[in-house]
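K.L.:
input.txt is reproduced in full below (compact mmCIF, C-alpha atoms (C1' of nucleotides)).
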# COMPACT_ATOMS: atom_id res chain seq x y z
CA MET A 1 -6.82 -61.24 -25.15
CA LYS A 2 -6.03 -58.16 -27.19
CA LEU A 3 -2.70 -57.96 -29.01
CA GLU A 4 -1.58 -54.84 -27.19
CA GLU A 5 -2.31 -56.41 -23.85
CA ALA A 6 -0.47 -59.56 -24.82
CA LYS A 7 2.54 -57.53 -25.91
CA LEU A 8 2.72 -55.68 -22.63
CA GLN A 9 2.43 -58.90 -20.70
CA PHE A 10 5.16 -60.46 -22.76
CA ILE A 11 7.47 -57.53 -22.08
CA GLN A 12 6.76 -57.78 -18.38
CA ALA A 13 7.40 -61.51 -18.33
CA TRP A 14 10.67 -61.19 -20.21
CA GLY A 15 11.81 -58.42 -17.91
CA LYS A 16 11.01 -60.47 -14.85
CA LEU A 17 12.81 -63.51 -16.21
CA GLY A 18 15.84 -61.38 -17.00
CA SER A 19 16.00 -59.89 -13.55
CA GLU A 20 15.71 -63.33 -11.96
CA TRP A 21 18.78 -64.37 -13.92
CA GLY A 22 20.92 -61.34 -13.21
CA ILE A 23 20.07 -59.29 -16.28
CA ASN A 24 18.86 -55.75 -15.81
CA ARG A 25 15.09 -55.60 -16.15
CA THR A 26 15.01 -52.68 -18.58
CA MET A 27 17.60 -54.30 -20.80
CA ALA A 28 15.45 -57.42 -21.02
CA GLN A 29 12.35 -55.34 -21.68
CA ILE A 30 13.93 -53.44 -24.53
CA HIS A 31 15.02 -56.74 -25.96
CA ALA A 32 11.48 -58.09 -25.62
CA LEU A 33 10.02 -55.01 -27.28
CA LEU A 34 12.35 -55.38 -30.24
CA MET A 35 11.78 -59.11 -30.54
CA ILE A 36 8.06 -58.67 -31.05
CA SER A 37 8.18 -55.58 -33.23
CA GLU A 38 7.95 -56.21 -36.96
CA LYS A 39 9.91 -53.11 -37.73
CA PRO A 40 13.05 -51.56 -36.26
CA LEU A 41 12.40 -48.98 -33.55
CA SER A 42 14.12 -45.70 -32.74
CA THR A 43 15.30 -44.66 -29.30
CA GLU A 44 12.26 -42.36 -29.09
CA GLU A 45 9.90 -45.22 -29.80
CA ILE A 46 11.59 -47.42 -27.22
CA MET A 47 11.40 -44.64 -24.60
CA GLU A 48 7.75 -44.20 -25.42
CA GLY A 49 6.95 -47.91 -25.53
CA LEU A 50 8.43 -48.60 -22.11
CA SER A 51 8.00 -45.18 -20.46
CA ILE A 52 11.67 -44.79 -19.70
CA SER A 53 14.10 -41.89 -19.92
CA ARG A 54 16.48 -41.21 -22.76
CA GLY A 55 19.50 -41.98 -20.60
CA ASN A 56 18.15 -45.30 -19.50
CA ALA A 57 17.14 -46.26 -23.02
CA ASN A 58 20.52 -45.30 -24.42
CA MET A 59 22.54 -47.18 -21.81
CA ASN A 60 20.61 -50.38 -22.18
CA ILE A 61 20.53 -50.21 -25.97
CA ARG A 62 24.35 -49.93 -25.96
CA GLU A 63 24.57 -52.91 -23.66
CA LEU A 64 22.27 -54.99 -25.87
CA LEU A 65 24.44 -54.09 -28.85
CA ASN A 66 27.48 -55.31 -26.90
CA TRP A 67 25.74 -58.58 -26.26
CA ASN A 68 24.85 -58.80 -29.93
CA LEU A 69 21.21 -59.25 -29.06
CA ILE A 70 20.02 -56.29 -31.12
CA HIS A 71 21.36 -54.51 -34.18
CA LYS A 72 21.58 -51.03 -35.50
CA VAL A 73 19.56 -50.44 -38.66
CA LEU A 74 20.14 -47.46 -40.93
CA VAL A 75 17.06 -46.07 -42.55
CA PRO A 76 17.95 -44.13 -45.73
CA GLY A 77 17.05 -40.48 -45.47
CA ASP A 78 16.71 -40.60 -41.69
CA ARG A 79 19.34 -39.45 -39.28
CA LYS A 80 18.01 -41.42 -36.33
CA GLU A 81 19.34 -44.80 -35.41
CA TYR A 82 16.90 -47.69 -35.46
CA PHE A 83 17.28 -51.04 -33.79
CA ASN A 84 15.97 -54.45 -34.43
CA GLY A 85 16.14 -57.50 -32.24
CA GLU A 86 17.23 -61.01 -33.05
CA LYS A 87 13.98 -62.95 -33.27
CA ASP A 88 15.34 -66.47 -33.39
CA ILE A 89 15.46 -67.57 -29.77
CA TRP A 90 18.13 -70.18 -30.47
CA GLU A 91 20.39 -67.37 -31.67
CA VAL A 92 19.46 -65.33 -28.62
CA ALA A 93 20.32 -68.23 -26.32
CA LYS A 94 23.65 -68.76 -28.03
CA ARG A 95 24.61 -65.11 -27.77
CA ILE A 96 23.69 -64.94 -24.11
CA ALA A 97 25.56 -68.17 -23.44
CA ARG A 98 28.61 -66.82 -25.25
CA GLU A 99 28.68 -63.64 -23.18
CA ARG A 100 28.07 -65.29 -19.84
CA LYS A 101 30.61 -67.99 -20.49
CA LYS A 102 33.17 -65.34 -21.26
CA ARG A 103 32.27 -63.01 -18.41
CA GLU A 104 31.38 -65.41 -15.64
CA ILE A 105 32.36 -69.02 -16.21
CA GLU A 106 35.85 -68.47 -17.56
CA PRO A 107 37.01 -66.21 -14.70
CA VAL A 108 35.72 -68.71 -12.15
CA LEU A 109 37.53 -71.55 -13.90
CA GLN A 110 40.70 -69.51 -13.80
CA GLU A 111 40.32 -68.81 -10.11
CA LEU A 112 39.46 -72.38 -9.18
CA LYS A 113 42.61 -73.56 -10.88
CA GLN A 114 44.72 -71.25 -8.74
CA LEU A 115 42.99 -72.27 -5.52
CA GLN A 116 44.19 -75.85 -5.93
CA ASP A 117 47.73 -74.74 -5.38
CA ILE A 118 47.90 -74.52 -1.59
CA GLU A 119 50.63 -75.25 0.91
CA ASP A 120 50.25 -78.01 3.52
CA SER A 121 47.75 -79.93 1.47
CA ASN A 122 47.81 -82.87 3.85
CA SER A 123 45.56 -81.89 6.72
CA PRO A 124 42.03 -83.32 6.60
CA GLU A 125 40.78 -79.76 6.30
CA ALA A 126 42.93 -79.16 3.25
CA LYS A 127 41.86 -82.48 1.76
CA GLN A 128 38.19 -81.64 2.06
CA PHE A 129 38.83 -78.24 0.53
CA LEU A 130 40.83 -79.62 -2.38
CA ALA A 131 38.32 -82.36 -3.07
CA THR A 132 35.46 -79.87 -3.29
CA VAL A 133 37.38 -77.37 -5.37
CA LYS A 134 38.56 -80.05 -7.79
CA ASN A 135 35.05 -81.39 -8.07
CA ILE A 136 33.71 -77.95 -8.94
CA HIS A 137 36.54 -77.22 -11.29
CA GLY A 138 35.90 -80.40 -13.24
CA PHE A 139 32.23 -79.63 -13.38
CA ALA A 140 32.71 -76.04 -14.49
CA ASP A 141 35.03 -77.26 -17.18
CA LYS A 142 32.37 -79.63 -18.47
CA ILE A 143 29.80 -76.84 -18.48
CA ASP A 144 32.25 -74.68 -20.34
CA LYS A 145 32.80 -77.38 -22.96
CA SER A 146 29.08 -78.04 -23.23
CA VAL A 147 28.45 -74.40 -23.96
CA GLU A 148 31.12 -74.58 -26.65
CA THR A 149 29.36 -77.57 -28.14
CA MET A 150 26.10 -75.72 -28.12
CA LEU A 151 27.64 -72.70 -29.79
CA LYS A 152 28.80 -74.86 -32.64
CA ALA A 153 25.73 -77.04 -32.94
CA ASP A 154 22.46 -76.25 -34.59
CA GLU A 155 19.33 -76.30 -32.51
CA ASN A 156 17.85 -79.57 -33.69
CA TRP A 157 21.06 -81.44 -33.34
CA PHE A 158 21.70 -80.08 -29.88
CA PHE A 159 18.29 -80.68 -28.40
CA GLY A 160 17.84 -83.86 -30.39
CA SER A 161 20.88 -85.28 -28.67
CA ILE A 162 19.68 -84.41 -25.24
CA LEU A 163 16.02 -85.15 -25.66
CA LYS A 164 16.43 -88.55 -27.23
CA LEU A 165 17.90 -89.61 -23.89
CA LEU A 166 14.51 -88.95 -22.38
CA LYS A 167 12.49 -91.32 -24.56
CA MET B 168 48.84 -69.94 -1.05
CA LYS B 169 47.74 -70.67 2.49
CA LEU B 170 44.65 -72.80 3.08
CA GLU B 171 42.81 -70.09 4.99
CA GLU B 172 43.44 -67.59 2.25
CA ALA B 173 42.28 -70.04 -0.40
CA LYS B 174 39.10 -70.73 1.56
CA LEU B 175 38.25 -67.06 1.82
CA GLN B 176 38.88 -66.57 -1.87
CA PHE B 177 36.69 -69.51 -2.71
CA ILE B 178 33.86 -68.11 -0.60
CA GLN B 179 34.19 -64.76 -2.32
CA ALA B 180 34.20 -66.33 -5.76
CA TRP B 181 31.16 -68.45 -5.04
CA GLY B 182 29.30 -65.46 -3.65
CA LYS B 183 30.12 -63.39 -6.70
CA LEU B 184 29.03 -66.14 -9.06
CA GLY B 185 25.78 -66.52 -7.16
CA SER B 186 24.98 -62.82 -7.29
CA GLU B 187 25.71 -62.73 -11.02
CA TRP B 188 23.09 -65.43 -11.46
CA GLY B 189 20.39 -63.95 -9.29
CA ILE B 190 21.19 -65.74 -6.05
CA ASN B 191 21.71 -63.70 -2.91
CA ARG B 192 25.41 -63.29 -2.22
CA THR B 193 25.24 -64.29 1.43
CA MET B 194 23.23 -67.38 0.63
CA ALA B 195 25.90 -68.47 -1.83
CA GLN B 196 28.66 -67.69 0.67
CA ILE B 197 27.09 -69.77 3.41
CA HIS B 198 26.74 -72.56 0.93
CA ALA B 199 30.41 -72.20 -0.04
CA LEU B 200 31.49 -72.20 3.60
CA LEU B 201 29.60 -75.40 4.27
CA MET B 202 30.82 -77.10 1.11
CA ILE B 203 34.44 -76.73 2.12
CA SER B 204 34.03 -77.45 5.80
CA GLU B 205 34.77 -81.03 6.86
CA LYS B 206 32.39 -80.79 9.76
CA PRO B 207 28.88 -79.37 10.19
CA LEU B 208 28.79 -75.79 11.43
CA SER B 209 26.45 -74.02 13.83
CA THR B 210 24.73 -70.71 13.16
CA GLU B 211 27.28 -69.08 15.47
CA GLU B 212 30.16 -70.47 13.47
CA ILE B 213 28.61 -69.34 10.22
CA MET B 214 28.05 -65.83 11.60
CA GLU B 215 31.61 -65.75 12.75
CA GLY B 216 33.04 -67.24 9.57
CA LEU B 217 31.36 -64.70 7.33
CA SER B 218 31.02 -61.75 9.74
CA ILE B 219 27.27 -61.52 9.35
CA SER B 220 24.42 -60.96 11.77
CA ARG B 221 22.28 -63.63 13.33
CA GLY B 222 19.21 -62.55 11.39
CA ASN B 223 21.00 -62.66 8.09
CA ALA B 224 22.53 -66.04 8.85
CA ASN B 225 19.21 -67.49 9.92
CA MET B 226 17.28 -66.26 6.91
CA ASN B 227 19.75 -67.56 4.40
CA ILE B 228 20.22 -70.87 6.18
CA ARG B 229 16.44 -71.40 5.99
CA GLU B 230 16.49 -70.59 2.32
CA LEU B 231 19.34 -73.01 1.65
CA LEU B 232 17.37 -75.70 3.48
CA ASN B 233 14.40 -74.96 1.22
CA TRP B 234 16.60 -75.40 -1.81
CA ASN B 235 17.91 -78.64 -0.34
CA LEU B 236 21.46 -77.41 -0.70
CA ILE B 237 22.33 -77.87 2.97
CA HIS B 238 21.03 -80.12 5.72
CA LYS B 239 20.36 -79.93 9.39
CA VAL B 240 22.58 -82.17 11.51
CA LEU B 241 21.72 -83.07 15.07
CA VAL B 242 24.65 -83.44 17.41
CA PRO B 243 23.75 -85.63 20.40
CA GLY B 244 23.95 -83.76 23.68
CA ASP B 245 23.93 -80.37 21.99
CA ARG B 246 20.92 -78.14 21.70
CA LYS B 247 22.24 -76.11 18.82
CA GLU B 248 21.48 -76.92 15.21
CA TYR B 249 24.36 -77.73 12.91
CA PHE B 250 24.39 -77.66 9.15
CA ASN B 251 26.33 -79.40 6.48
CA GLY B 252 26.46 -78.69 2.79
CA GLU B 253 26.09 -81.03 -0.14
CA LYS B 254 29.62 -81.46 -1.44
CA ASP B 255 28.93 -83.22 -4.71
CA ILE B 256 28.61 -80.45 -7.24
CA TRP B 257 26.52 -82.57 -9.59
CA GLU B 258 23.95 -82.92 -6.80
CA VAL B 259 24.20 -79.18 -6.16
CA ALA B 260 23.61 -78.43 -9.83
CA LYS B 261 20.61 -80.74 -9.95
CA ARG B 262 19.03 -79.20 -6.89
CA ILE B 263 19.50 -75.68 -8.18
CA ALA B 264 18.15 -76.70 -11.57
CA ARG B 265 15.12 -78.31 -9.94
CA GLU B 266 14.30 -75.16 -7.95
CA ARG B 267 14.80 -72.73 -10.78
CA LYS B 268 12.84 -74.83 -13.22
CA LYS B 269 9.97 -74.89 -10.78
CA ARG B 270 10.15 -71.24 -9.79
CA GLU B 271 11.12 -69.57 -13.03
CA ILE B 272 10.83 -71.70 -16.14
CA GLU B 273 7.46 -73.28 -15.44
CA PRO B 274 5.63 -70.00 -14.75
CA VAL B 275 7.04 -68.49 -17.94
CA LEU B 276 5.94 -71.52 -19.94
CA GLN B 277 2.47 -71.14 -18.51
CA GLU B 278 2.33 -67.48 -19.37
CA LEU B 279 3.67 -67.93 -22.89
CA LYS B 280 0.98 -70.47 -23.57
CA GLN B 281 -1.73 -67.97 -22.62
CA LEU B 282 -0.21 -65.21 -24.73
CA GLN B 283 -0.73 -67.21 -27.87
CA ASP B 284 -4.45 -66.88 -27.50
CA ILE B 285 -5.07 -63.42 -28.92
CA GLU B 286 -7.91 -61.94 -30.92
CA ASP B 287 -7.37 -60.64 -34.48
CA SER B 288 -4.36 -62.83 -35.05
CA ASN B 289 -4.19 -61.89 -38.73
CA SER B 290 -2.48 -58.53 -38.83
CA PRO B 291 1.24 -58.61 -39.70
CA GLU B 292 1.89 -57.22 -36.24
CA ALA B 293 0.03 -60.09 -34.62
CA LYS B 294 1.79 -62.59 -36.86
CA GLN B 295 5.20 -61.34 -35.85
CA PHE B 296 4.18 -61.45 -32.23
CA LEU B 297 2.79 -64.97 -32.43
CA ALA B 298 5.79 -66.25 -34.35
CA THR B 299 8.19 -64.95 -31.71
CA VAL B 300 6.14 -66.14 -28.78
CA LYS B 301 5.70 -69.62 -30.29
CA ASN B 302 9.40 -69.79 -30.98
CA ILE B 303 10.23 -68.94 -27.39
CA HIS B 304 7.58 -71.26 -26.03
CA GLY B 305 8.96 -74.17 -28.00
CA PHE B 306 12.46 -73.36 -26.86
CA ALA B 307 11.49 -72.99 -23.21
CA ASP B 308 9.73 -76.31 -23.42
CA LYS B 309 12.88 -77.96 -24.71
CA ILE B 310 14.91 -76.41 -21.93
CA ASP B 311 12.34 -77.65 -19.46
CA LYS B 312 12.55 -81.17 -20.84
CA SER B 313 16.34 -81.05 -20.92
CA VAL B 314 16.42 -80.15 -17.26
CA GLU B 315 14.13 -83.08 -16.58
CA THR B 316 16.53 -85.33 -18.46
CA MET B 317 19.41 -84.02 -16.45
CA LEU B 318 17.56 -84.57 -13.18
CA LYS B 319 17.10 -88.22 -14.06
CA ALA B 320 20.50 -88.84 -15.57
CA ASP B 321 23.77 -89.44 -13.81
CA GLU B 322 26.61 -87.05 -14.40
CA ASN B 323 28.76 -89.16 -16.69
CA TRP B 324 25.89 -90.15 -18.88
CA PHE B 325 24.64 -86.63 -19.16
CA PHE B 326 27.92 -84.94 -19.97
CA GLY B 327 29.09 -87.93 -21.95
CA SER B 328 26.16 -87.44 -24.27
CA ILE B 329 26.85 -83.79 -24.78
CA LEU B 330 30.59 -83.88 -24.89
CA LYS B 331 30.92 -86.69 -27.35
CA LEU B 332 29.28 -84.37 -29.84
CA LEU B 333 32.34 -82.18 -29.54
CA LYS B 334 34.94 -84.79 -30.56
C1' DT C 335 6.90 -74.27 36.91
C1' DT C 336 10.77 -71.07 35.94
C1' DT C 337 15.02 -70.44 33.82
C1' DT C 338 18.12 -70.65 30.17
C1' DA C 339 19.49 -71.66 25.45
C1' DT C 340 18.32 -71.22 20.94
C1' DT C 341 15.73 -69.77 16.84
C1' DT C 342 12.73 -66.68 14.37
C1' DT C 343 10.79 -62.40 13.06
C1' DC C 344 10.70 -57.84 11.43
C1' DA C 345 11.01 -52.66 11.61
C1' DA C 346 14.70 -49.72 10.85
C1' DT C 347 18.74 -48.91 8.22
C1' DA C 348 22.35 -49.65 4.99
C1' DA C 349 24.10 -51.01 0.62
C1' DT C 350 23.44 -51.73 -3.98
C1' DT C 351 21.57 -51.08 -8.29
C1' DA C 352 18.82 -48.61 -11.62
C1' DC C 353 16.91 -44.35 -13.54
C1' DT C 354 16.29 -39.49 -14.68
C1' DG C 355 17.07 -35.33 -16.97
C1' DA C 356 19.77 -31.88 -18.37
C1' DA C 357 24.19 -30.58 -20.16
C1' DA C 358 27.93 -31.79 -23.14
C1' DG C 359 29.32 -34.08 -27.16
C1' DT C 360 28.83 -35.52 -31.94
C1' DT C 361 27.25 -35.69 -36.59
C1' DT C 362 24.95 -34.13 -40.61
C1' DA C 363 22.69 -30.68 -43.42
C1' DA C 364 22.03 -26.12 -44.83
C1' DT D 365 30.62 -22.10 -40.81
C1' DT D 366 26.28 -22.33 -38.05
C1' DA D 367 22.37 -24.59 -36.71
C1' DA D 368 19.64 -28.43 -35.98
C1' DA D 369 19.15 -33.30 -35.00
C1' DC D 370 20.56 -36.71 -32.53
C1' DT D 371 23.51 -39.46 -29.02
C1' DT D 372 26.17 -39.91 -24.88
C1' DT D 373 27.45 -39.00 -20.26
C1' DC D 374 26.93 -38.60 -15.48
C1' DA D 375 25.76 -36.35 -10.92
C1' DG D 376 21.86 -36.60 -8.29
C1' DT D 377 17.94 -39.24 -6.94
C1' DA D 378 14.87 -43.04 -6.60
C1' DA D 379 13.85 -47.82 -6.14
C1' DT D 380 15.13 -52.17 -4.85
C1' DT D 381 17.34 -55.54 -2.25
C1' DA D 382 20.06 -57.04 1.69
C1' DT D 383 21.41 -56.64 6.54
C1' DT D 384 21.26 -55.59 11.34
C1' DG D 385 19.95 -56.13 15.98
C1' DA D 386 16.88 -56.43 19.41
C1' DA D 387 12.51 -58.26 20.85
C1' DA D 388 9.37 -62.12 20.60
C1' DA D 389 8.70 -66.88 20.18
C1' DT D 390 9.95 -71.53 20.98
C1' DA D 391 12.07 -75.48 23.05
C1' DA D 392 14.74 -77.93 26.43
C1' DA D 393 16.60 -78.27 31.11
C1' DA D 394 16.41 -77.47 35.88
Starting from the coordinates I provided, produce the structure as structure tokens.
P.N.:
Amino acid sequence: MKLEEAKLQFIQAWGKLGSEWGINRTMAQIHALLMISEKPLSTEEIMEGLSISRGNANMNIRELLNWNLIHKVLVPGDRKEYFNGEKDIWEVAKRIARERKKREIEPVLQELKQLQDIEDSNSPEAKQFLATVKNIHGFADKIDKSVETMLKADENWFFGSILKLLK
Amino acid sequence: MKLEEAKLQFIQAWGKLGSEWGINRTMAQIHALLMISEKPLSTEEIMEGLSISRGNANMNIRELLNWNLIHKVLVPGDRKEYFNGEKDIWEVAKRIARERKKREIEPVLQELKQLQDIEDSNSPEAKQFLATVKNIHGFADKIDKSVETMLKADENWFFGSILKLLK
DNA sequence: TTTTATTTTCAATAATTACTGAAAGTTTAA
DNA sequence: TTAAACTTTCAGTAATTATTGAAAATAAAA
């Protein structure tokens, strides 16, 4: 396979994976493009590389900056902004985990806690409800703590600990 | 809070969480409804409970059956099908993990393996590309193996192993 | 059989989400 | 200043994804 072909396929695959997990396809594609580029790219180059409009490129670049998945690079003597992508996938995973924990897991934990405070908690209906909600709450809390662990750990330690269970 | 109100809020929350993670909102809501119901529900009851059409209910029920997240229950002397949901969230997590590993992680692993086989792998461009792809491939493989571990483990063992790292 | 209850399918439509492109805004250099 | 280079915004549009509802298919009962 030719390099250019492989690059395009990689970008497609990353975009597809992103969209399957609730991340905008273009955002994932820009991220992919920057991960495999040896040098930082400008907005123009990103637009060109993915055949997308300036507006689309800009919006998704901002979002990737928010997620800390790419960084702005200043090139001396050039007014344009350039961007480079984090290339260490362990870092990428940690940053995604950090964002999603904050945006999605924590609010659900919050809500589940509230839902356990219901009146007339003695009917069988209420008991079933409370049992399920408590079960999920406990689980979500463990996930939350596991993500925290992962954010503190280094890759080898983290996976080492899990994988040695496999034997 | 009243039980009925809490139930509705739970269904909303579960649907939102699902859609944030690439799972159809209605599918997640039906699953939520069945998790907190003490008795199996018919298609009619699900339609009613969520104010959705028969077609929508049917499609998503089939999909939940495929994912093994709900089960068909036969009520003697009744022609209708009833469904109940898995209420143990650890089981739910394992079943979702199993499906997504199969549908999404495995194909990506496959593809990443192919992408490493490129011609002219000596240019700096190609080296950057290969380094990133290998990095991701190795990572995805670890995730894949971790999910396998989780599928074999029981909940306490699994989380115990991770959480004790936290101290 | 024929009738009735139930489930499945799918074309049409609605809802949601993403994208474009041009105008407005901002920054730097002349 | 003014002009040029660049970035951001956002209304309009396109693309995608989800839903409806009625007809067709299937299964059980009469």
K.L.:
Quick one: which range 243-289 of chain B residues come within 12 Å of range 340-351 of chain C, and what is the nearest atom pair for each with the distance in Å to one decimal, counting all atoms listed in the file, rows ordered by chain and ascending number, as CSV?
P.N.:
residue,atom,partner,partner_atom,distance
B:Asp245,CA,C:DT340,C1',10.8
B:Arg246,CA,C:DT340,C1',7.4
B:Lys247,CA,C:DT340,C1',6.6
B:Glu248,CA,C:DT340,C1',8.7
B:Tyr249,CA,C:DT340,C1',12.0
K.L.:
Put those residues in a file: C-alpha atoms, as a CSV table (one decimal), in the frame of the given file.
P.N.:
chain,number,residue,atom,x,y,z
B,245,ASP,CA,23.9,-80.4,22.0
B,246,ARG,CA,20.9,-78.1,21.7
B,247,LYS,CA,22.2,-76.1,18.8
B,248,GLU,CA,21.5,-76.9,15.2
B,249,TYR,CA,24.4,-77.7,12.9
K.L.:
Give me the residues near range 217-223 of chain B as a PyMOL selection string, where near means some atom within 8 Å (using all atoms listed in the file) and where sequence neighbours in that chain fewer than 6 positions away do not count.
P.N.:
(chain B and resi 196-197+210-211) or (chain D and resi 383-385)
K.L.:
Would you please work out which residue, of A:Glu106, A:Asp117, A:Glu48, A:Glu91, is nearest to chain B when using only C-alpha atoms?
P.N.:
A:Asp117
K.L.:
I want to know what sits within 12 Å of DT338 in chain C, based on only C-alpha atoms (C1' of nucleotides), with residues of the same chain fewer than 4 positions away left out; could you give that as an NGL selection string?
P.N.:
(:B and (246)) or (:D and (391-394))
K.L.:
Skip Ile190 in chain B itself and residues of its chain fewer than 2 positions away, then list as a ChimeraX atom specification all residues within 12 Å of it, counting all atoms listed in the file.
P.N.:
/A:19-22 /B:181-188,192-198,227,230-231,234,263,266-267 /D:381-382
K.L.:
List the spatial neighbours of DA368 in chain D as number ranges by chain - criterion: any atom at most 10 Å away, all atoms listed in the file, same-chain residues fewer than 2 positions off excluded.
P.N.:
C: 362-364; D: 366, 370
K.L.:
Could you work out how far CA of Leu279 in chain B lies from CA of Lys39 in chain A, giving the answer in Å with one decimal?
P.N.:
21.9 Å
K.L.:
Please output range 192-207 of chain B, rebuilt to include N, CA and C atoms, as a PDB file, keeping the file's coordinate frame.
P.N.:
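As a result, out_3.pdb now contains:
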ATOM      1  N   ARG B 192      23.990 -63.049  -2.455  1.00  0.00           N
ATOM      2  CA  ARG B 192      25.410 -63.290  -2.220  1.00  0.00           C
ATOM      3  C   ARG B 192      25.673 -64.070  -0.920  1.00  0.00           C
ATOM      4  N   THR B 193      25.017 -63.622   0.145  1.00  0.00           N
ATOM      5  CA  THR B 193      25.240 -64.290   1.430  1.00  0.00           C
ATOM      6  C   THR B 193      24.817 -65.748   1.395  1.00  0.00           C
ATOM      7  N   MET B 194      23.711 -66.004   0.751  1.00  0.00           N
ATOM      8  CA  MET B 194      23.230 -67.380   0.630  1.00  0.00           C
ATOM      9  C   MET B 194      24.298 -68.241  -0.049  1.00  0.00           C
ATOM     10  N   ALA B 195      24.862 -67.722  -1.111  1.00  0.00           N
ATOM     11  CA  ALA B 195      25.900 -68.470  -1.830  1.00  0.00           C
ATOM     12  C   ALA B 195      27.153 -68.633  -0.967  1.00  0.00           C
ATOM     13  N   GLN B 196      27.462 -67.601  -0.180  1.00  0.00           N
ATOM     14  CA  GLN B 196      28.660 -67.690   0.670  1.00  0.00           C
ATOM     15  C   GLN B 196      28.507 -68.720   1.770  1.00  0.00           C
ATOM     16  N   ILE B 197      27.325 -68.757   2.374  1.00  0.00           N
ATOM     17  CA  ILE B 197      27.090 -69.770   3.410  1.00  0.00           C
ATOM     18  C   ILE B 197      27.217 -71.155   2.787  1.00  0.00           C
ATOM     19  N   HIS B 198      26.655 -71.290   1.616  1.00  0.00           N
ATOM     20  CA  HIS B 198      26.740 -72.560   0.930  1.00  0.00           C
ATOM     21  C   HIS B 198      28.201 -72.938   0.663  1.00  0.00           C
ATOM     22  N   ALA B 199      28.982 -71.964   0.213  1.00  0.00           N
ATOM     23  CA  ALA B 199      30.410 -72.200  -0.040  1.00  0.00           C
ATOM     24  C   ALA B 199      31.118 -72.629   1.240  1.00  0.00           C
ATOM     25  N   LEU B 200      30.850 -71.899   2.309  1.00  0.00           N
ATOM     26  CA  LEU B 200      31.490 -72.200   3.600  1.00  0.00           C
ATOM     27  C   LEU B 200      31.207 -73.637   4.020  1.00  0.00           C
ATOM     28  N   LEU B 201      29.959 -74.053   3.848  1.00  0.00           N
ATOM     29  CA  LEU B 201      29.600 -75.400   4.270  1.00  0.00           C
ATOM     30  C   LEU B 201      30.113 -76.478   3.315  1.00  0.00           C
ATOM     31  N   MET B 202      30.273 -76.109   2.048  1.00  0.00           N
ATOM     32  CA  MET B 202      30.820 -77.100   1.110  1.00  0.00           C
ATOM     33  C   MET B 202      32.258 -77.450   1.444  1.00  0.00           C
ATOM     34  N   ILE B 203      33.020 -76.458   1.895  1.00  0.00           N
ATOM     35  CA  ILE B 203      34.440 -76.730   2.120  1.00  0.00           C
ATOM     36  C   ILE B 203      34.775 -77.050   3.570  1.00  0.00           C
ATOM     37  N   SER B 204      33.765 -77.109   4.413  1.00  0.00           N
ATOM     38  CA  SER B 204      34.030 -77.450   5.800  1.00  0.00           C
ATOM     39  C   SER B 204      33.917 -78.967   5.994  1.00  0.00           C
ATOM     40  N   GLU B 205      34.874 -79.572   6.689  1.00  0.00           N
ATOM     41  CA  GLU B 205      34.770 -81.030   6.860  1.00  0.00           C
ATOM     42  C   GLU B 205      33.701 -81.392   7.869  1.00  0.00           C
ATOM     43  N   LYS B 206      33.401 -80.445   8.771  1.00  0.00           N
ATOM     44  CA  LYS B 206      32.390 -80.790   9.760  1.00  0.00           C
ATOM     45  C   LYS B 206      31.201 -79.824   9.687  1.00  0.00           C
ATOM     46  N   PRO B 207      30.052 -80.258  10.173  1.00  0.00           N
ATOM     47  CA  PRO B 207      28.880 -79.370  10.190  1.00  0.00           C
ATOM     48  C   PRO B 207      29.167 -78.143  11.036  1.00  0.00           C
TER      49      PRO B 207
END
